[in-house]
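Everything below belongs to entry30.cif, which stores mmCIF, C-alpha atoms.
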```cif
data_coords
loop_
_atom_site.label_atom_id
_atom_site.label_comp_id
_atom_site.auth_asym_id
_atom_site.auth_seq_id
_atom_site.Cartn_x
_atom_site.Cartn_y
_atom_site.Cartn_z
CA ALA A 1 3.96 -41.49 -8.44
CA ALA A 2 0.80 -43.56 -8.49
CA PHE A 3 -1.51 -40.53 -8.72
CA ASP A 4 0.43 -38.09 -10.93
CA LYS A 5 -2.33 -38.21 -13.58
CA GLU A 6 -5.11 -37.26 -11.17
CA LEU A 7 -6.85 -33.88 -11.06
CA GLY A 8 -4.77 -31.28 -9.28
CA ALA A 9 -1.48 -32.24 -10.94
CA ALA A 10 -1.39 -28.76 -12.45
CA MET A 11 1.13 -25.99 -12.97
CA PRO A 12 3.35 -24.69 -11.48
CA PHE A 13 4.24 -27.79 -9.42
CA LYS A 14 2.27 -30.45 -11.32
CA TYR A 15 2.08 -33.50 -9.02
CA PHE A 16 3.02 -32.22 -5.57
CA ASP A 17 3.49 -34.64 -2.68
CA PRO A 18 6.72 -33.58 -0.94
CA LEU A 19 6.02 -35.76 2.11
CA GLY A 20 5.29 -38.82 0.01
CA LEU A 21 1.91 -39.41 1.68
CA ALA A 22 0.53 -41.13 -1.42
CA SER A 23 3.68 -43.12 -2.23
CA ASP A 24 2.07 -46.33 -0.97
CA GLY A 25 -0.50 -46.18 -3.80
CA ASP A 26 -3.47 -46.53 -1.42
CA ALA A 27 -6.40 -45.30 -3.55
CA GLY A 28 -8.77 -45.10 -0.58
CA ALA A 29 -6.42 -42.88 1.42
CA PHE A 30 -5.79 -40.69 -1.63
CA ARG A 31 -9.53 -40.24 -2.17
CA ARG A 32 -10.02 -39.29 1.49
CA ARG A 33 -7.17 -36.74 1.39
CA ARG A 34 -8.39 -35.27 -1.89
CA ALA A 35 -11.91 -34.80 -0.48
CA ALA A 36 -10.40 -33.13 2.60
CA GLU A 37 -8.19 -30.89 0.43
CA ILE A 38 -11.16 -29.71 -1.64
CA LYS A 39 -13.30 -29.11 1.45
CA ASN A 40 -10.56 -27.19 3.26
CA GLY A 41 -9.86 -25.16 0.11
CA ARG A 42 -13.52 -24.17 -0.16
CA VAL A 43 -13.64 -23.19 3.51
CA ALA A 44 -10.45 -21.17 3.07
CA MET A 45 -11.87 -19.28 0.07
CA TRP A 46 -14.96 -18.33 2.11
CA ALA A 47 -12.70 -17.45 5.05
CA CYS A 48 -10.61 -15.07 2.92
CA MET A 49 -13.75 -13.27 1.75
CA GLY A 50 -15.04 -13.25 5.31
CA TYR A 51 -11.83 -11.66 6.52
CA ILE A 52 -12.01 -8.81 4.00
CA THR A 53 -15.75 -8.07 3.74
CA PRO A 54 -16.32 -6.78 7.33
CA GLU A 55 -13.85 -3.99 6.65
CA TYR A 56 -16.35 -2.51 4.21
CA PHE A 57 -19.76 -3.92 5.12
CA ARG A 58 -21.58 -5.02 8.29
CA TRP A 59 -25.07 -6.41 8.74
CA PRO A 60 -27.39 -3.94 10.42
CA GLY A 61 -29.00 -4.80 13.74
CA TYR A 62 -28.01 -7.11 16.59
CA LEU A 63 -25.85 -10.20 16.61
CA SER A 64 -27.16 -10.98 20.10
CA PRO A 65 -30.21 -8.97 21.22
CA SER A 66 -30.09 -10.52 24.71
CA ALA A 67 -26.51 -9.28 25.15
CA SER A 68 -27.20 -5.98 23.36
CA LEU A 69 -24.37 -6.88 20.98
CA LYS A 70 -24.59 -5.33 17.52
CA PHE A 71 -22.77 -6.62 14.45
CA THR A 72 -20.88 -3.32 14.38
CA ASP A 73 -19.63 -3.98 17.93
CA VAL A 74 -17.70 -7.09 16.88
CA PRO A 75 -14.09 -6.30 15.91
CA ASN A 76 -12.54 -7.69 12.76
CA GLY A 77 -10.13 -10.58 12.56
CA VAL A 78 -8.85 -12.66 15.48
CA ALA A 79 -10.27 -10.24 18.07
CA ALA A 80 -13.80 -11.32 17.08
CA LEU A 81 -13.25 -14.79 18.58
CA SER A 82 -13.65 -13.53 22.13
CA LYS A 83 -16.64 -11.28 21.36
CA VAL A 84 -19.05 -13.79 19.84
CA PRO A 85 -21.25 -15.28 22.65
CA ALA A 86 -21.01 -18.99 23.47
CA GLU A 87 -24.54 -19.47 22.12
CA GLY A 88 -23.35 -18.09 18.80
CA TRP A 89 -20.47 -20.58 18.62
CA ALA A 90 -22.93 -23.38 19.48
CA GLN A 91 -25.14 -22.37 16.56
CA ILE A 92 -22.14 -22.31 14.24
CA GLY A 93 -21.09 -25.78 15.43
CA ILE A 94 -24.59 -27.21 14.91
CA PHE A 95 -24.77 -25.71 11.42
CA ILE A 96 -21.39 -27.22 10.49
CA ALA A 97 -22.53 -30.63 11.80
CA PHE A 98 -25.70 -30.35 9.68
CA LEU A 99 -23.62 -29.63 6.57
CA GLU A 100 -21.22 -32.51 7.25
CA LEU A 101 -23.96 -35.05 7.94
CA PHE A 102 -26.56 -34.04 5.38
CA ALA A 103 -26.25 -31.19 2.87
CA LEU A 104 -22.54 -31.55 2.09
CA ARG A 105 -22.03 -35.25 2.77
CA GLN A 106 -19.56 -36.91 0.40
CA ASP A 107 -21.23 -39.85 -1.37
CA LYS A 108 -19.07 -42.87 -2.05
CA ASP A 109 -20.28 -43.19 -5.65
CA ARG A 110 -19.25 -39.61 -6.62
CA MET A 111 -15.81 -38.14 -7.15
CA PRO A 112 -14.24 -36.17 -4.26
CA GLY A 113 -15.77 -32.72 -3.92
CA ASP A 114 -18.79 -33.54 -6.13
CA LEU A 115 -21.71 -33.26 -3.73
CA THR A 116 -25.42 -33.91 -4.25
CA GLY A 117 -26.35 -30.69 -2.47
CA ALA A 118 -23.61 -28.50 -3.86
CA GLY A 119 -22.40 -29.87 -7.19
CA LYS A 120 -18.86 -30.17 -8.46
CA LEU A 121 -17.76 -26.70 -7.26
CA GLY A 122 -19.43 -26.63 -3.85
CA LEU A 123 -22.16 -24.12 -4.72
CA PRO A 124 -24.96 -24.38 -2.09
CA PHE A 125 -27.81 -25.64 -4.26
CA PHE A 126 -29.35 -27.26 -1.18
CA LEU A 127 -30.41 -23.82 0.06
CA VAL A 128 -33.07 -23.70 -2.65
CA GLY A 129 -33.92 -27.40 -2.40
CA ALA A 130 -32.06 -28.34 -5.60
CA LYS A 131 -29.85 -31.34 -6.22
CA SER A 132 -26.90 -31.79 -8.56
CA GLY A 133 -26.23 -34.78 -10.79
CA PRO A 134 -22.84 -36.53 -10.94
CA CYS A 135 -19.97 -34.56 -12.45
CA ASP A 136 -18.22 -35.46 -15.71
CA ALA A 137 -14.56 -35.23 -14.74
CA VAL A 138 -13.33 -35.08 -18.35
CA SER A 139 -15.46 -32.16 -19.55
CA SER A 140 -15.03 -30.33 -16.23
CA GLU A 141 -11.26 -30.86 -15.90
CA ARG A 142 -10.34 -27.19 -16.33
CA SER A 143 -12.81 -25.86 -13.75
CA LEU A 144 -11.96 -28.62 -11.27
CA ASN A 145 -8.23 -27.93 -11.55
CA ALA A 146 -8.92 -24.21 -11.17
CA GLU A 147 -10.89 -24.84 -7.98
CA LEU A 148 -8.12 -26.99 -6.52
CA ASN A 149 -5.47 -24.36 -7.28
CA ASN A 150 -7.60 -21.51 -5.94
CA GLY A 151 -8.34 -23.52 -2.82
CA ARG A 152 -4.65 -24.20 -2.25
CA LEU A 153 -3.88 -20.51 -2.68
CA ALA A 154 -6.70 -19.58 -0.31
CA MET A 155 -5.39 -21.94 2.37
CA LEU A 156 -2.02 -20.23 2.25
CA ALA A 157 -3.69 -16.81 2.11
CA ILE A 158 -5.89 -17.28 5.18
CA VAL A 159 -2.94 -18.60 7.19
CA GLY A 160 -0.99 -15.50 6.14
CA MET A 161 -3.86 -13.14 7.03
CA ILE A 162 -4.40 -14.70 10.44
CA SER A 163 -0.66 -14.68 11.15
CA GLN A 164 -0.32 -11.04 10.15
CA ASN A 165 -3.38 -10.13 12.21
CA GLY A 166 -2.10 -12.08 15.22
CA PHE A 167 1.46 -10.76 15.14
CA LEU A 168 0.99 -7.25 13.75
CA GLY A 169 -2.63 -6.50 14.63
CA THR A 170 -3.69 -5.31 11.18
CA THR A 171 -6.89 -6.35 9.39
CA GLY A 172 -7.82 -3.39 7.21
CA ALA A 173 -6.69 -2.05 3.86
CA SER A 174 -3.20 -1.51 5.27
CA MET A 175 -2.82 -5.31 5.11
CA TRP A 176 -3.24 -5.23 1.33
CA ILE A 177 -1.99 -1.82 0.21
CA PRO A 178 0.33 -0.41 2.86
CA GLY A 179 1.30 3.22 2.50
CA ALA A 180 4.76 4.41 3.49
CA ALA A 181 7.20 7.27 3.38
CA PHE A 182 9.46 5.46 0.91
CA ASP A 183 6.95 3.91 -1.53
CA LYS A 184 8.40 5.99 -4.40
CA GLU A 185 11.96 4.78 -3.88
CA LEU A 186 13.86 2.36 -6.11
CA GLY A 187 12.77 -1.23 -5.52
CA ALA A 188 9.03 -0.49 -5.33
CA THR A 189 8.40 -2.77 -8.31
CA MET A 190 5.92 -5.45 -9.31
CA PRO A 191 4.53 -7.77 -8.14
CA PHE A 192 4.59 -6.37 -4.59
CA LYS A 193 5.56 -2.76 -5.34
CA TYR A 194 6.55 -1.26 -1.98
CA PHE A 195 7.13 -4.20 0.34
CA ASP A 196 7.67 -3.67 4.06
CA PRO A 197 5.40 -6.20 5.84
CA LEU A 198 7.07 -5.59 9.22
CA GLY A 199 6.72 -1.83 8.93
CA LEU A 200 10.42 -1.26 9.59
CA ALA A 201 10.37 2.01 7.64
CA SER A 202 7.03 3.24 8.97
CA ASP A 203 8.78 5.81 11.19
CA GLY A 204 10.01 7.68 8.10
CA ASP A 205 13.64 7.67 9.28
CA ALA A 206 15.59 8.39 6.05
CA GLY A 207 18.94 7.47 7.63
CA ALA A 208 17.73 4.05 8.76
CA PHE A 209 16.10 3.45 5.35
CA ARG A 210 19.38 4.30 3.58
CA ARG A 211 21.32 1.92 5.87
CA ARG A 212 18.85 -0.92 5.29
CA ARG A 213 18.81 -0.32 1.52
CA ALA A 214 22.63 -0.47 1.37
CA ALA A 215 22.56 -3.71 3.39
CA GLU A 216 19.84 -5.13 1.13
CA ILE A 217 21.84 -4.42 -2.05
CA LYS A 218 25.04 -5.81 -0.52
CA ASN A 219 23.32 -9.00 0.68
CA GLY A 220 21.64 -9.40 -2.70
CA ARG A 221 24.99 -9.23 -4.50
CA VAL A 222 26.51 -11.75 -2.11
CA ALA A 223 23.51 -14.05 -2.62
CA MET A 224 23.80 -13.86 -6.43
CA TRP A 225 27.48 -14.85 -6.26
CA ALA A 226 26.62 -17.58 -3.75
CA CYS A 227 23.99 -19.07 -6.09
CA MET A 228 26.49 -19.17 -8.96
CA GLY A 229 29.10 -20.62 -6.61
CA TYR A 230 26.70 -23.35 -5.59
CA ILE A 231 25.85 -24.37 -9.15
CA ALA A 232 29.16 -23.92 -11.04
CA PRO A 233 31.15 -26.67 -9.21
CA GLU A 234 28.64 -29.23 -10.47
CA TYR A 235 29.91 -28.57 -14.03
CA PHE A 236 33.35 -27.01 -13.70
CA ARG A 237 36.33 -27.27 -11.34
CA TRP A 238 39.61 -25.40 -11.47
CA PRO A 239 42.47 -27.66 -12.64
#
```
The structure given in the file should be rewritten as structure tokens.
Amino acid sequence: AAFDKELGAAMPFKYFDPLGLASDGDAGAFRRRRAAEIKNGRVAMWACMGYITPEYFRWPGYLSPSASLKFTDVPNGVAALSKVPAEGWAQIGIFIAFLELFALRQDKDRMPGDLTGAGKLGLPFFLVGAKSGPCDAVSSERSLNAELNNGRLAMLAIVGMISQNGFLGTTGASMWIPGAAFDKELGATMPFKYFDPLGLASDGDAGAFRRRRAAEIKNGRVAMWACMGYIAPEYFRWP
């Protein structure tokens, strides 16, 4: 590909463009997409922290004194969308517009993601009136690749958190470390340890758990044979 030597072509996928969006070699379009990817990754990293933090900490006082709405009255996750007053959403929109137009504007003479008011990693220097000089892409390659990868992971993570919240209604510690009646059984191994995201075994029914475990083992064995059966004919056929 035309851009397989650019930043972001890192492990485990190296250059990753499954839809071939950059196959035309348009450098301008690639720069625009890279700037958008970095920006969305930074937003997603903040969003992940913002999803977790309210479970353990809330600002004291009122979110909206006129509506007698305290910060502690706003539920976590997706349910908060309907509780924040319209005036609050207007303030958020105005602040975002300010960032896009001024503090976090992407200059044409700087590499994507390297901002005068926030530097190469998007740190908000503008809040203290400071400015950042242009980034040296060579000396900063490791940190820039790390930010891209972390941003990509965060984008997947926030989609997963919102989906789980929307479909299952969970936002608290149970989203990260679910407890269960069968978390000491075989199969509770790394990296996920006990894994039951749909809560199928949350009722503690030992008979149903045994039936599902037998089906899981059987389907796993069939799948292992199927994988070998898919690959072997490429190299060997019965005479």
Explicit residue set for the PyMOL selection byres ((chain A and resi 213) around 12), as a PDB file with C-alpha atoms, keeping the file's coordinate frame:
```pdb
ATOM      1  CA  PHE A 182       9.460   5.460   0.910  1.00  0.00           C
ATOM      2  CA  GLU A 185      11.960   4.780  -3.880  1.00  0.00           C
ATOM      3  CA  LEU A 186      13.860   2.360  -6.110  1.00  0.00           C
ATOM      4  CA  GLY A 187      12.770  -1.230  -5.520  1.00  0.00           C
ATOM      5  CA  ALA A 188       9.030  -0.490  -5.330  1.00  0.00           C
ATOM      6  CA  ASP A 196       7.670  -3.670   4.060  1.00  0.00           C
ATOM      7  CA  LEU A 200      10.420  -1.260   9.590  1.00  0.00           C
ATOM      8  CA  ALA A 201      10.370   2.010   7.640  1.00  0.00           C
ATOM      9  CA  ALA A 206      15.590   8.390   6.050  1.00  0.00           C
ATOM     10  CA  GLY A 207      18.940   7.470   7.630  1.00  0.00           C
ATOM     11  CA  ALA A 208      17.730   4.050   8.760  1.00  0.00           C
ATOM     12  CA  PHE A 209      16.100   3.450   5.350  1.00  0.00           C
ATOM     13  CA  ARG A 210      19.380   4.300   3.580  1.00  0.00           C
ATOM     14  CA  ARG A 211      21.320   1.920   5.870  1.00  0.00           C
ATOM     15  CA  ARG A 212      18.850  -0.920   5.290  1.00  0.00           C
ATOM     16  CA  ALA A 214      22.630  -0.470   1.370  1.00  0.00           C
ATOM     17  CA  ALA A 215      22.560  -3.710   3.390  1.00  0.00           C
ATOM     18  CA  GLU A 216      19.840  -5.130   1.130  1.00  0.00           C
ATOM     19  CA  ILE A 217      21.840  -4.420  -2.050  1.00  0.00           C
ATOM     20  CA  LYS A 218      25.040  -5.810  -0.520  1.00  0.00           C
ATOM     21  CA  ASN A 219      23.320  -9.000   0.680  1.00  0.00           C
ATOM     22  CA  GLY A 220      21.640  -9.400  -2.700  1.00  0.00           C
TER      23      GLY A 220
END
```
- Message: I want to know what sits within 12 Å of A:Asp114, based on all atoms listed in the file, with residues of the same chain fewer than 2 positions away left out; could you give that as a PyMOL selection string?
- Response: chain A and resi 34-35+38-39+103-112+116-124+131-137+140+144+147
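Residues with any atom within 12 Å of A:Pro65, counting all atoms listed in the file and excluding same-chain neighbours fewer than 6 positions away, are Phe71, Pro85, Glu87 and Gly88 of chain A.
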- One decimal, Å: what's the distance from atom CA of A:Asp73 over to atom CA of A:Arg58, could you say?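 The value is 9.9 Å.
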- Task: Run the PyMOL selection byres ((chain A and resi 51) around 12) mentally over the shown coordinates, then write out the matched residues as JSON, numbers by chain, using the chain letters and numbers from the document.
- Result: {"A": [44, 45, 46, 47, 48, 49, 50, 52, 53, 54, 55, 56, 57, 58, 75, 76, 77, 78, 79, 80, 154, 157, 158, 159, 160, 161, 162, 165, 170, 171, 172, 173, 175, 176]}
